[in-house]
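Colleague: Sharing a structure below in structure tokens format, with a few things to ask.
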Amino acid sequence: MARNAGKSKGRMNKRVLVEMLVEFFNRHAGESLSTKVVFKELGITSTSARTLCITILDDLVFEGYLVETAFRHYALAEGSSTINGTFSRNREGFNLFYPEDGSEPILISERHSLHALTDDYVRVSLFAKRRGRGREGEVIEIIKRAHDTFVGVLKVEKHYALLLTESRILPNDVFIPKEHLKGGKSGDKAVVKLLDWPMDNRNPIGKVVDILGKEGDNDAEMNAILAEFGLPYVYPEAVEQAAQNLPADITPQEIARREDFRSITTFTIDPIDAKDFDDALSIQKLPDGLWEIGVHIADVSHYVTEGSIIDKEAFKRATSIYLVDRTIPMLPERLCNFLCSLRPNEEKLTYSVIFAMNDKAEIKNYRIVRGVINSDRRFSYEEVQDILTSGKGEYIEELTTLNNLAQIMRKARMAAGAIDFQQAEVRFRLDEAGKPLSVYFTESNESHQLIEEFMLLANRTVAETIGKRAGRTAPKTFVYRIHDRPDPEKLTMLARFVNKLGYKMRSASGRTTSPAALNNLLKEVKGSKEQNVIEQISLRTMQKAKYSTENIGHFGLAFKYYTHFTSPIRRYPDLMVHRLLDRYLNQNGRSASVNKYSDYCEHCSAQEQVAANAERASIKYKQVEFMSEHIGEEYDAIISGVTEWGIYAEINDNKCEGMIPLRTLQDDYYEYDDANYCLVGRRKHRKYVIGDPLRVRIVRANIDKKQLDFEIADEW
């Protein structure tokens, strides 16, 4: 029996009428019905109710529930298929679904989102295709949540609490029942896990799983960054205990089965604040005029056996994480800073690559062995650079020889097409509470390059040893560090961009997309005001390096074979490489499972990217925190980006970047010229171009959002 909507008292309720229409067309699936029939069957008699009904019918057509088969004739739009893919949420409700087959994205209205969140893996039912519109659909199942924990600040009321979050993933604050507050108070930074999200609730329901501390407290904020990216900020007690149970003594039997390098001059060179020394160099003169150079790497695999509780936690983490003020290690502290660390004047177990080289850095032979060393000296990069510059200091002959060999290898690598990215790293001087006092930069010099070249040599040699095979013998499964060639179209766009800034990007042969062309550009811009901008944009044209069992070479280094062997304390792929080396070289084992190691490579590549994002977030946080003490002050800057919503500018002195919103440019109406990377005033024709200098004033510093707002301090 039809409900008499037209005779209902008061104004027609839109929500009720929507439900009636949806129910009605579901009962008449496959039928095309006119508005006359709809009005009659649902008892809609008043003019206002009929007008509202037609409006809703049009809305349902737009949302994909219905199709208009003829003028004012409607039918249920049946989903033609269901597909899986990834959901992307937009705060304005125009959400997109990206099918896993790579086809065009599909619009998902908010009412059809099933409360899916960005990066959720979902199943979508497609609506019937409508003329003149893109495909639309409805989320019918959330197969896997990408994020179920969120970080924010608690606001505690009498009977409940809310987690206030700046997350772009979560559209609304999280409702927390009082019994799930875990003692949290207003102003606490907390980690909350989602429990439920009923369809008729605006807010998801969650529970507090951890209290990080008060908002603004340095430890709380750094741990919040880790939690935001799903990274660990504490070490499990059971894993720590397992590490404590590992014996520190090296038995005579273990030393006997290794090559003994304890009497050879050996030292480490690391950052001044480093504790995990995972590589050392040894050097001695051979009777035939050659140099024996040893690259000794901490033998983590001796202590961390595959499948152990320590190994499982290390694999889960996949990498150490380096925030502004702390290191979150991949391994428990007893391993990374004590048992495995190649500390001076202590016997340590290593996996070593030993080279016999002449003065021209030509390798005459090499061997890969398990060894034992006793480092004579722990150097910092600064100490080594002082010795190389002054020509005076401990181990001057050894350091000078190693540096000469390294510079020869570096020159040969650049000639072979390696890309010379030498970006300065942003560092902070912090007080005891973690508050930034100043910003400074570290740049690569000869002491860094000395270590870099020998580590690159060891990594390449190990990869060639396993990857190169004589004849038609298939190479065994191995872990490679690969870097694909950049898209030629992106390099062409880069060439056009730098040309507008007055630079040419071409090699001696005239090619604009060769490694030589890029290197020539990087040399030309060094020391210029545009250097940092051009280096950043050049980096974005590059593919991301990753781990893979399929070797395609490393474009950036110009190596056909390359792996990561030299940092097993802080990178899990290096530990995998050590184990595979032992399997193939010492046990003559069969090829390992390619599927297993392909999955491992994918996991480690993903974790590496997440860790890098967290590291950048910690730098951005400290930059904004530092600039929050300088509101109203003016600085010289350079335009680092231009968009349709404003100008990004980077302060010259400290590389802090902020936004100048388009709405604050009051002297003209500005339009974005994407072809020329600039904003152009419609009347006065003033241009704001990437690379141009600016004088800016600090207006706002939003620490929670890690955002700076600038305004232009000088006007024409």
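Ordered as shown in the structure tokens, chains take letters A, B, and onward, while each chain numbers its residues from 1 and ligands are numbered from 1 in the order shown.
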Would you mind listing what lies within 10 Å of Glu443 (chain A) as a list in words, with only C-alpha atoms counted and same-chain residues fewer than 6 positions away left out?
Modeller: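 Here the qualifying residues turn out to be Gln422, Gln423, Ala424, Glu425 and Val426 of chain A.
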Colleague: Neighbours of Asp273 (chain A) within 12 Å (only C-alpha atoms; same-chain residues fewer than 4 positions away dropped), as a tab-separated table (two decimals) with N, CA and C atoms, in the first residue's frame?
Modeller:
chain	number	residue	atom	x	y	z
A	269	ILE	N	84.97	6.22	9.67
A	269	ILE	CA	84.74	7.65	9.44
A	269	ILE	C	83.23	7.85	9.38
A	277	PHE	N	78.45	2.30	14.03
A	277	PHE	CA	79.50	2.29	13.02
A	277	PHE	C	79.42	0.97	12.25
A	325	ASP	N	66.02	15.05	15.83
A	325	ASP	CA	66.69	14.99	17.12
A	325	ASP	C	66.93	13.58	17.63
A	326	ARG	N	66.64	12.56	16.83
A	326	ARG	CA	66.76	11.19	17.34
A	326	ARG	C	66.83	10.19	16.20
A	327	THR	N	67.33	9.02	16.55
A	327	THR	CA	67.34	7.89	15.63
A	327	THR	C	66.44	6.81	16.20
A	378	ARG	N	88.52	5.95	15.58
A	378	ARG	CA	87.21	6.41	15.15
A	378	ARG	C	87.36	7.88	14.73
A	379	PHE	N	87.17	8.17	13.43
A	379	PHE	CA	87.23	9.53	12.91
A	379	PHE	C	85.83	10.08	12.67
A	380	SER	N	85.70	11.39	12.83
A	380	SER	CA	84.52	12.08	12.31
A	380	SER	C	84.88	12.63	10.93
A	381	TYR	N	83.85	12.94	10.14
A	381	TYR	CA	84.10	13.53	8.82
A	381	TYR	C	84.90	14.83	8.95
A	382	GLU	N	84.57	15.62	9.97
A	382	GLU	CA	85.25	16.90	10.15
A	382	GLU	C	86.74	16.71	10.43
Colleague: Pick from A:Arg579, A:Arg686, A:Lys411, A:Arg343: nearest to Asn374 (chain A), with only C-alpha atoms counted?
Modeller: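 When distances to Asn374 (chain A) are compared using only C-alpha atoms, the smallest one comes from A:Arg343.
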Colleague: Residues within 6 Å of Ile354 (chain A), please, as a list in words. Count only C-alpha atoms; anything in the same chain fewer than 3 positions from it doesn't count.
Modeller: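 Listing them by chain and then by number gives Ile293, Gly294, Tyr366 and Arg367 of chain A.
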Colleague: Quick one: pick out all alpha helix (DSSP H) residues within region 240-439 of chain A from a backbone DSSP run and write them as number ranges by chain.
Modeller: A: 240-244, 252-256, 300-303, 309-317, 333-334, 381-390, 396-415
Colleague: To one decimal place, how far is CA of Ser113 (chain A) from CA of Thr55 (chain A) in Å?
Modeller: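 Calculated distance between CA of Ser113 (chain A) and CA of Thr55 (chain A) is 22.0 Å.
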Colleague: When you look at Ile176 (chain A) with a cut-off of 9 Å (counting only C-alpha atoms), what residues show up, excluding the ones that are within fewer than 5 positions of it in the same chain? I need them as a list in words.
Modeller: Val156, Tyr160, Ala161, Leu162, Leu163, Leu181, Val192, Pro204, Ile205, Gly206, Lys207 and Val208 of chain A
Colleague: Atoms to include: N, CA and C atoms. Write the selected residues as a JSON list (two decimals), in the first residue's frame.
Modeller:
[["chain", "number", "residue", "atom", "x", "y", "z"],
["A", 156, "VAL", "N", 38.56, 16.90, 25.90],
["A", 156, "VAL", "CA", 37.76, 16.07, 26.81],
["A", 156, "VAL", "C", 36.58, 16.86, 27.36],
["A", 160, "TYR", "N", 32.30, 12.51, 27.23],
["A", 160, "TYR", "CA", 32.96, 11.96, 26.04],
["A", 160, "TYR", "C", 34.18, 12.82, 25.71],
["A", 161, "ALA", "N", 34.90, 12.41, 24.68],
["A", 161, "ALA", "CA", 36.05, 13.21, 24.23],
["A", 161, "ALA", "C", 36.10, 13.16, 22.71],
["A", 162, "LEU", "N", 36.83, 14.09, 22.13],
["A", 162, "LEU", "CA", 37.07, 14.13, 20.69],
["A", 162, "LEU", "C", 38.57, 14.14, 20.44],
["A", 163, "LEU", "N", 38.98, 13.46, 19.38],
["A", 163, "LEU", "CA", 40.36, 13.59, 18.90],
["A", 163, "LEU", "C", 40.33, 14.58, 17.75],
["A", 181, "LEU", "N", 39.07, 6.41, 27.10],
["A", 181, "LEU", "CA", 39.95, 7.58, 27.11],
["A", 181, "LEU", "C", 41.35, 7.29, 27.63],
["A", 192, "VAL", "N", 44.85, 7.24, 18.52],
["A", 192, "VAL", "CA", 43.51, 6.67, 18.66],
["A", 192, "VAL", "C", 43.26, 5.66, 17.54],
["A", 204, "PRO", "N", 33.56, 9.07, 13.28],
["A", 204, "PRO", "CA", 33.92, 7.70, 13.64],
["A", 204, "PRO", "C", 34.10, 7.57, 15.14],
["A", 205, "ILE", "N", 34.00, 6.35, 15.64],
["A", 205, "ILE", "CA", 34.16, 6.08, 17.07],
["A", 205, "ILE", "C", 35.50, 5.39, 17.27],
["A", 206, "GLY", "N", 36.25, 5.84, 18.28],
["A", 206, "GLY", "CA", 37.56, 5.26, 18.50],
["A", 206, "GLY", "C", 37.90, 5.12, 19.97],
["A", 207, "LYS", "N", 39.08, 4.56, 20.21],
["A", 207, "LYS", "CA", 39.58, 4.44, 21.58],
["A", 207, "LYS", "C", 41.05, 4.86, 21.60],
["A", 208, "VAL", "N", 41.46, 5.45, 22.70],
["A", 208, "VAL", "CA", 42.85, 5.87, 22.88],
["A", 208, "VAL", "C", 43.72, 4.64, 23.11]]
Colleague: Find the residues near Asp668 (chain A): any atom within 9 Å, counting only C-alpha atoms, skip ones fewer than 3 places away on the same chain, and give them as a list in words.
Modeller: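 Listing them by chain and then by number gives Leu665, Gly681, Arg682, Arg683, Lys684, His685 and Arg686 of chain A.
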Colleague: Could those residues be written to a file, using N, CA and C atoms, as a PDB file, in the first residue's frame?
Modeller:
ATOM      1  N   LEU A 665      47.830  39.092  -2.742  1.00  0.00           N
ATOM      2  CA  LEU A 665      48.429  39.947  -3.764  1.00  0.00           C
ATOM      3  C   LEU A 665      47.369  40.949  -4.222  1.00  0.00           C
ATOM      4  N   GLY A 681      50.175  39.404 -13.663  1.00  0.00           N
ATOM      5  CA  GLY A 681      49.133  40.374 -13.361  1.00  0.00           C
ATOM      6  C   GLY A 681      48.396  40.772 -14.630  1.00  0.00           C
ATOM      7  N   ARG A 682      47.059  40.815 -14.549  1.00  0.00           N
ATOM      8  CA  ARG A 682      46.258  41.082 -15.744  1.00  0.00           C
ATOM      9  C   ARG A 682      46.434  42.526 -16.214  1.00  0.00           C
ATOM     10  N   ARG A 683      46.533  43.506 -15.286  1.00  0.00           N
ATOM     11  CA  ARG A 683      46.612  44.914 -15.683  1.00  0.00           C
ATOM     12  C   ARG A 683      48.053  45.408 -15.783  1.00  0.00           C
ATOM     13  N   LYS A 684      48.832  45.185 -14.742  1.00  0.00           N
ATOM     14  CA  LYS A 684      50.191  45.726 -14.705  1.00  0.00           C
ATOM     15  C   LYS A 684      51.222  44.775 -15.311  1.00  0.00           C
ATOM     16  N   HIS A 685      50.804  43.534 -15.544  1.00  0.00           N
ATOM     17  CA  HIS A 685      51.668  42.524 -16.182  1.00  0.00           C
ATOM     18  C   HIS A 685      52.909  42.170 -15.356  1.00  0.00           C
ATOM     19  N   ARG A 686      52.840  42.407 -14.063  1.00  0.00           N
ATOM     20  CA  ARG A 686      53.945  41.962 -13.209  1.00  0.00           C
ATOM     21  C   ARG A 686      53.971  40.443 -13.183  1.00  0.00           C
TER      22      ARG A 686
END
Colleague: Using only C-alpha atoms, which protein or nucleic acid residues come within 10 Å of Val353 (chain A)? Drop anything in the same chain fewer than 5 positions from it, and give the result as number ranges by chain.
Modeller: A: 293-297, 366-371, 455, 457-459, 461-462
Colleague: Please write the residues from the selection above to a file, keeping C-alpha atoms, as a tab-separated table (two decimals), in the first residue's frame.
Modeller:
chain	number	residue	atom	x	y	z
A	293	ILE	CA	91.98	-1.87	0.63
A	294	GLY	CA	89.45	-3.58	2.87
A	295	VAL	CA	85.81	-2.50	3.07
A	296	HIS	CA	84.64	-4.10	6.31
A	297	ILE	CA	80.94	-4.24	7.12
A	366	TYR	CA	89.24	-8.89	-5.00
A	367	ARG	CA	87.71	-11.36	-2.58
A	368	ILE	CA	84.59	-11.42	-0.39
A	369	VAL	CA	85.23	-12.98	3.00
A	370	ARG	CA	84.00	-13.10	6.55
A	371	GLY	CA	86.55	-11.44	8.80
A	455	MET	CA	81.04	1.92	-0.24
A	457	LEU	CA	82.64	0.09	-5.02
A	458	ALA	CA	81.84	-2.65	-2.48
A	459	ASN	CA	78.12	-2.57	-3.30
A	461	THR	CA	81.31	-5.54	-6.67
A	462	VAL	CA	78.98	-7.69	-4.58
Colleague: Which is closest to Tyr395 (chain A) among A:Gln609, A:Ser282, A:Ile534, A:Val304, if we use only C-alpha atoms?
Modeller: A:Ser282
Colleague: Can you pull out every residue within 7 Å of Thr82 (chain A), counting only C-alpha atoms, but drop anything in the same chain fewer than 4 positions away, and send it as a ChimeraX atom specification?
Modeller: /A:123-126
Colleague: Would you put the residues from that selection into a file with C-alpha atoms, as a PDB file, in the first residue's frame?
Modeller:
ATOM      1  CA  ARG A 123      35.203  -2.745  -3.862  1.00  0.00           C
ATOM      2  CA  VAL A 124      33.029  -0.451  -5.950  1.00  0.00           C
ATOM      3  CA  SER A 125      29.802  -1.076  -7.835  1.00  0.00           C
ATOM      4  CA  LEU A 126      29.691   0.948 -11.050  1.00  0.00           C
TER       5      LEU A 126
END
